[in-house]
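Novice: My file is model.txt. It has compact mmCIF, N, CA and C atoms:
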```txt
# COMPACT_ATOMS: atom_id res chain seq x y z
N TRP A 79 52.00 213.86 86.20
CA TRP A 79 52.33 214.38 84.89
C TRP A 79 53.43 215.42 85.00
N GLU A 80 54.53 215.04 85.60
CA GLU A 80 55.61 215.98 85.86
C GLU A 80 56.50 216.23 84.64
N ARG A 81 56.67 215.23 83.80
CA ARG A 81 57.57 215.39 82.66
C ARG A 81 56.86 216.05 81.49
N LYS A 82 57.56 216.97 80.86
CA LYS A 82 56.96 217.74 79.77
C LYS A 82 56.49 216.83 78.63
N LYS A 83 57.23 215.76 78.37
CA LYS A 83 56.84 214.87 77.27
C LYS A 83 55.55 214.13 77.58
N GLU A 84 55.16 214.05 78.84
CA GLU A 84 53.92 213.37 79.22
C GLU A 84 52.71 214.30 79.21
N LEU A 85 52.94 215.59 79.04
CA LEU A 85 51.84 216.55 79.13
C LEU A 85 50.77 216.37 78.06
N PRO A 86 51.12 216.09 76.80
CA PRO A 86 50.04 215.85 75.83
C PRO A 86 49.13 214.68 76.23
N ALA A 87 49.71 213.63 76.80
CA ALA A 87 48.89 212.51 77.27
C ALA A 87 48.02 212.95 78.45
N ALA A 88 48.56 213.79 79.31
CA ALA A 88 47.79 214.30 80.43
C ALA A 88 46.60 215.11 79.94
N ILE A 89 46.82 215.95 78.94
CA ILE A 89 45.75 216.76 78.38
C ILE A 89 44.64 215.87 77.83
N GLU A 90 45.02 214.82 77.15
CA GLU A 90 44.02 213.87 76.63
C GLU A 90 43.25 213.21 77.78
N ASP A 91 43.94 212.86 78.85
CA ASP A 91 43.26 212.28 80.01
C ASP A 91 42.26 213.27 80.60
N TYR A 92 42.66 214.54 80.69
CA TYR A 92 41.73 215.56 81.21
C TYR A 92 40.55 215.74 80.27
N ARG A 93 40.79 215.68 78.98
CA ARG A 93 39.67 215.77 78.02
C ARG A 93 38.67 214.64 78.22
N ARG A 94 39.20 213.44 78.39
CA ARG A 94 38.31 212.29 78.63
C ARG A 94 37.54 212.45 79.94
N ALA A 95 38.23 212.94 80.95
CA ALA A 95 37.57 213.16 82.24
C ALA A 95 36.45 214.19 82.10
N LEU A 96 36.69 215.23 81.30
CA LEU A 96 35.66 216.25 81.11
C LEU A 96 34.50 215.75 80.26
N GLN A 97 34.74 214.77 79.41
CA GLN A 97 33.63 214.16 78.68
C GLN A 97 32.71 213.42 79.65
N GLN A 98 33.32 212.80 80.65
CA GLN A 98 32.55 212.06 81.65
C GLN A 98 31.90 212.99 82.66
N GLU A 99 32.63 214.04 83.04
CA GLU A 99 32.16 214.97 84.06
C GLU A 99 32.46 216.41 83.58
N PRO A 100 31.58 216.98 82.76
CA PRO A 100 31.85 218.26 82.11
C PRO A 100 32.10 219.44 83.05
N ASP A 101 31.62 219.36 84.27
CA ASP A 101 31.80 220.47 85.22
C ASP A 101 32.93 220.22 86.22
N SER A 102 33.85 219.35 85.90
CA SER A 102 34.95 219.05 86.81
C SER A 102 35.99 220.17 86.78
N ALA A 103 35.95 221.02 87.79
CA ALA A 103 36.93 222.12 87.86
C ALA A 103 38.34 221.57 88.02
N ALA A 104 38.49 220.46 88.74
CA ALA A 104 39.81 219.87 88.93
C ALA A 104 40.42 219.45 87.59
N ALA A 105 39.61 218.84 86.73
CA ALA A 105 40.11 218.44 85.40
C ALA A 105 40.43 219.66 84.56
N MET A 106 39.60 220.70 84.66
CA MET A 106 39.87 221.93 83.91
C MET A 106 41.17 222.58 84.37
N LEU A 107 41.39 222.59 85.69
CA LEU A 107 42.64 223.15 86.21
C LEU A 107 43.84 222.33 85.74
N GLY A 108 43.71 221.01 85.80
CA GLY A 108 44.82 220.16 85.35
C GLY A 108 45.13 220.36 83.89
N MET A 109 44.09 220.45 83.08
CA MET A 109 44.30 220.68 81.65
C MET A 109 44.93 222.06 81.43
N GLY A 110 44.46 223.06 82.16
CA GLY A 110 45.02 224.39 82.03
C GLY A 110 46.50 224.43 82.41
N ARG A 111 46.82 223.79 83.51
CA ARG A 111 48.24 223.77 83.95
C ARG A 111 49.12 223.01 82.96
N SER A 112 48.60 221.93 82.42
CA SER A 112 49.38 221.17 81.43
C SER A 112 49.61 222.01 80.17
N ASN A 113 48.56 222.68 79.71
CA ASN A 113 48.71 223.54 78.54
C ASN A 113 49.67 224.70 78.82
N LEU A 114 49.60 225.24 80.03
CA LEU A 114 50.50 226.33 80.40
C LEU A 114 51.95 225.88 80.35
N ARG A 115 52.23 224.70 80.87
CA ARG A 115 53.61 224.17 80.85
C ARG A 115 54.09 223.92 79.43
N LEU A 116 53.16 223.64 78.52
CA LEU A 116 53.54 223.45 77.12
C LEU A 116 53.63 224.77 76.35
N GLY A 117 53.25 225.87 77.00
CA GLY A 117 53.29 227.17 76.34
C GLY A 117 52.04 227.50 75.56
N ASN A 118 51.01 226.72 75.72
CA ASN A 118 49.73 226.96 75.04
C ASN A 118 48.88 227.91 75.88
N LEU A 119 49.23 229.18 75.84
CA LEU A 119 48.62 230.15 76.74
C LEU A 119 47.11 230.31 76.54
N LEU A 120 46.67 230.38 75.30
CA LEU A 120 45.25 230.60 75.06
C LEU A 120 44.40 229.41 75.48
N GLU A 121 44.92 228.20 75.24
CA GLU A 121 44.20 227.00 75.67
C GLU A 121 44.15 226.94 77.20
N ALA A 122 45.26 227.29 77.84
CA ALA A 122 45.30 227.30 79.29
C ALA A 122 44.33 228.34 79.84
N LEU A 123 44.34 229.51 79.25
CA LEU A 123 43.45 230.58 79.69
C LEU A 123 41.99 230.14 79.60
N ASP A 124 41.64 229.47 78.52
CA ASP A 124 40.27 228.98 78.37
C ASP A 124 39.91 228.00 79.48
N SER A 125 40.81 227.10 79.80
CA SER A 125 40.54 226.12 80.86
C SER A 125 40.35 226.81 82.21
N PHE A 126 41.19 227.80 82.50
CA PHE A 126 41.08 228.50 83.78
C PHE A 126 39.81 229.35 83.84
N LYS A 127 39.41 229.93 82.72
CA LYS A 127 38.15 230.67 82.68
C LYS A 127 36.98 229.74 83.00
N ARG A 128 36.98 228.58 82.36
CA ARG A 128 35.89 227.62 82.59
C ARG A 128 35.89 227.14 84.04
N ALA A 129 37.07 226.86 84.58
CA ALA A 129 37.15 226.38 85.96
C ALA A 129 36.68 227.44 86.95
N SER A 130 37.02 228.69 86.70
CA SER A 130 36.60 229.74 87.64
C SER A 130 35.09 229.95 87.59
N ALA A 131 34.48 229.64 86.47
CA ALA A 131 33.04 229.83 86.32
C ALA A 131 32.23 228.71 87.00
N VAL A 132 32.78 227.51 87.08
CA VAL A 132 32.00 226.38 87.60
C VAL A 132 32.35 226.01 89.04
N SER A 133 33.45 226.49 89.55
CA SER A 133 33.91 226.00 90.84
C SER A 133 33.76 227.01 91.95
N GLY A 134 33.26 226.55 93.06
CA GLY A 134 33.24 227.38 94.25
C GLY A 134 34.57 227.34 94.96
N SER A 135 34.97 226.16 95.43
CA SER A 135 36.18 226.06 96.24
C SER A 135 37.47 226.23 95.44
N LEU A 136 37.45 225.87 94.17
CA LEU A 136 38.66 226.01 93.35
C LEU A 136 38.70 227.32 92.55
N ALA A 137 37.66 228.12 92.68
CA ALA A 137 37.62 229.38 91.92
C ALA A 137 38.82 230.29 92.20
N PRO A 138 39.25 230.45 93.47
CA PRO A 138 40.41 231.31 93.70
C PRO A 138 41.68 230.82 92.99
N VAL A 139 41.86 229.51 92.95
CA VAL A 139 43.02 228.94 92.27
C VAL A 139 42.91 229.21 90.77
N ALA A 140 41.74 228.97 90.20
CA ALA A 140 41.54 229.18 88.77
C ALA A 140 41.72 230.64 88.41
N LEU A 141 41.19 231.54 89.23
CA LEU A 141 41.32 232.97 88.96
C LEU A 141 42.77 233.43 89.05
N THR A 142 43.52 232.87 89.99
CA THR A 142 44.94 233.23 90.12
C THR A 142 45.73 232.75 88.90
N GLU A 143 45.48 231.53 88.47
CA GLU A 143 46.16 231.01 87.28
C GLU A 143 45.78 231.83 86.05
N LYS A 144 44.50 232.17 85.95
CA LYS A 144 44.01 233.00 84.84
C LYS A 144 44.72 234.35 84.84
N ALA A 145 44.86 234.94 86.01
CA ALA A 145 45.53 236.25 86.12
C ALA A 145 47.00 236.18 85.69
N ARG A 146 47.67 235.09 86.01
CA ARG A 146 49.07 234.93 85.59
C ARG A 146 49.20 234.99 84.07
N ILE A 147 48.29 234.31 83.39
CA ILE A 147 48.34 234.31 81.92
C ILE A 147 47.97 235.68 81.37
N GLU A 148 46.93 236.27 81.93
CA GLU A 148 46.52 237.60 81.46
C GLU A 148 47.65 238.60 81.60
N ALA A 149 48.38 238.53 82.70
CA ALA A 149 49.52 239.42 82.90
C ALA A 149 50.58 239.19 81.83
N ARG A 150 50.83 237.94 81.51
CA ARG A 150 51.81 237.62 80.44
C ARG A 150 51.35 238.12 79.09
N LEU A 151 50.02 238.18 78.89
CA LEU A 151 49.47 238.65 77.62
C LEU A 151 49.28 240.17 77.59
N GLY A 152 49.71 240.85 78.66
CA GLY A 152 49.61 242.30 78.70
C GLY A 152 48.26 242.83 79.13
N GLU A 153 47.42 241.97 79.67
CA GLU A 153 46.09 242.38 80.11
C GLU A 153 46.13 242.63 81.62
N SER A 154 46.88 243.65 82.03
CA SER A 154 47.13 243.86 83.45
C SER A 154 45.88 244.23 84.24
N LYS A 155 44.99 245.03 83.68
CA LYS A 155 43.77 245.40 84.42
C LYS A 155 42.91 244.17 84.69
N THR A 156 42.73 243.35 83.68
CA THR A 156 41.93 242.13 83.85
C THR A 156 42.60 241.21 84.87
N ALA A 157 43.92 241.11 84.80
CA ALA A 157 44.66 240.27 85.75
C ALA A 157 44.46 240.76 87.18
N LEU A 158 44.54 242.07 87.39
CA LEU A 158 44.34 242.62 88.73
C LEU A 158 42.91 242.38 89.22
N ASP A 159 41.95 242.53 88.34
CA ASP A 159 40.56 242.27 88.70
C ASP A 159 40.39 240.80 89.14
N ASP A 160 41.01 239.90 88.40
CA ASP A 160 40.89 238.48 88.75
C ASP A 160 41.56 238.19 90.08
N LEU A 161 42.70 238.83 90.34
CA LEU A 161 43.38 238.61 91.64
C LEU A 161 42.52 239.15 92.79
N ARG A 162 41.89 240.27 92.58
CA ARG A 162 40.97 240.80 93.60
C ARG A 162 39.81 239.83 93.84
N ASN A 163 39.24 239.33 92.76
CA ASN A 163 38.13 238.37 92.89
C ASN A 163 38.58 237.10 93.57
N ALA A 164 39.81 236.66 93.29
CA ALA A 164 40.33 235.44 93.94
C ALA A 164 40.47 235.68 95.44
N ALA A 165 40.93 236.86 95.82
CA ALA A 165 41.10 237.17 97.24
C ALA A 165 39.77 237.24 97.98
N GLU A 166 38.74 237.63 97.27
CA GLU A 166 37.42 237.77 97.88
C GLU A 166 36.63 236.45 97.90
N ALA A 167 37.06 235.50 97.10
CA ALA A 167 36.30 234.24 96.97
C ALA A 167 36.49 233.35 98.19
```
Translate the structure described by the file into structure tokens.
Specialist:
Amino acid sequence: WERKKELPAAIEDYRRALQQEPDSAAAMLGMGRSNLRLGNLLEALDSFKRASAVSGSLAPVALTEKARIEARLGESKTALDDLRNAAEA
């Protein structure tokens, strides 16, 4: 899903995947990254929050992505906390 015009279709694919497997951190990360590339910061943030809550091995990735958005939204303390948690995970 490299092309921006394909991202809405990718998001729909991730939604379908999450209907089949609601705790799929990989699908949540993919949906978050697709939304981020489209500029949908709040939707992306939600996906990364969900992924960090359900995933052990992917939690550091989800927390790092979450921190990037929080920093863009001016939530620097929360972003730093998430980066610390990602480093400890």
Novice: Find the distance between atom N of Gly108 of chain A and atom C of Leu96 of chain A and write it in Å to one decimal.
Specialist: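 One can read the atom N of Gly108 of chain A to atom C of Leu96 of chain A distance as 12.0 Å.
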Novice: Nearest to Ala157 of chain A among A:Ala129, A:Ala122, A:Ala145, A:Ala137, with distances taken over only C-alpha atoms: which residue is it?
Specialist: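 Of A:Ala129, A:Ala122, A:Ala145, A:Ala137, the one nearest Ala157 of chain A is A:Ala145, counting only C-alpha atoms.
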Novice: Excluding Pro86 of chain A and residues on its chain fewer than 4 positions from it, collect all residues at most 8 Å away from it, counting only N, CA and C atoms, and give them as a VMD selection string.
Specialist: chain A and resid 81 to 82 90 to 92 112 to 113 116
Novice: Mind giving me the axis-aligned box for segment 154-161 of chain A with 3 Å on every side, centre plus edges in Å to one decimal, as JSON?
Specialist:
```
{"center_x": 43.8, "center_y": 241.8, "center_z": 87.4, "size_x": 12.7, "size_y": 13.2, "size_z": 16.8}
```
Novice: Considering only C-alpha atoms, return as a VMD selection string whatever protein or nucleic-acid residues lie within 7 Å of Met106 of chain A, sequence-local ones (same chain, fewer than 2 positions apart) excluded.
Specialist: chain A and resid 102 to 104 108 to 110 125 to 126 129
Novice: In Å, rounded to a single decimal, give me how far atom CA of Gly152 of chain A is from atom CA of Arg93 of chain A.
Specialist: 28.3 Å
Novice: So how many Å separate atom C of Ala164 of chain A and atom CA of Pro138 of chain A, to one decimal?
Specialist: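 Computing the Euclidean distance for atom C of Ala164 of chain A and atom CA of Pro138 of chain A yields 4.7 Å.
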Novice: Among chain A, which residues does DSSP mark as alpha helix (DSSP H) when it is run on the backbone? Keep the chain and numbering as in the structure and answer as JSON, numbers by chain.
Specialist: {"A": [85, 86, 87, 88, 89, 90, 91, 92, 93, 94, 95, 96, 97, 98, 103, 104, 105, 106, 107, 108, 109, 110, 111, 112, 113, 114, 115, 116, 119, 120, 121, 122, 123, 124, 125, 126, 127, 128, 129, 130, 131, 132, 137, 138, 139, 140, 141, 142, 143, 144, 145, 146, 147, 148, 149, 150, 154, 155, 156, 157, 158, 159, 160, 161, 162, 163, 164, 165, 166]}
Novice: Would you please work out which residue, of A:Ala167, A:Ala149, A:Gly117, A:Asp159, is nearest to Leu136 of chain A when using only C-alpha atoms?
Specialist: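 Comparing A:Ala167, A:Ala149, A:Gly117, A:Asp159 against Leu136 of chain A, the winner is A:Ala167.
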Novice: Which of these, A:Ala131, A:Ala165, A:Leu85, A:Leu158, has the shortest distance to Arg146 of chain A once you count only N, CA and C atoms?
Specialist: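 So, comparing all the options, the nearest one is A:Leu158.
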Novice: Could you check which of A:Lys83, A:Lys155, A:Arg94, A:Asp101 is closest to Gly134 of chain A, using only C-alpha atoms?
Specialist: A:Asp101
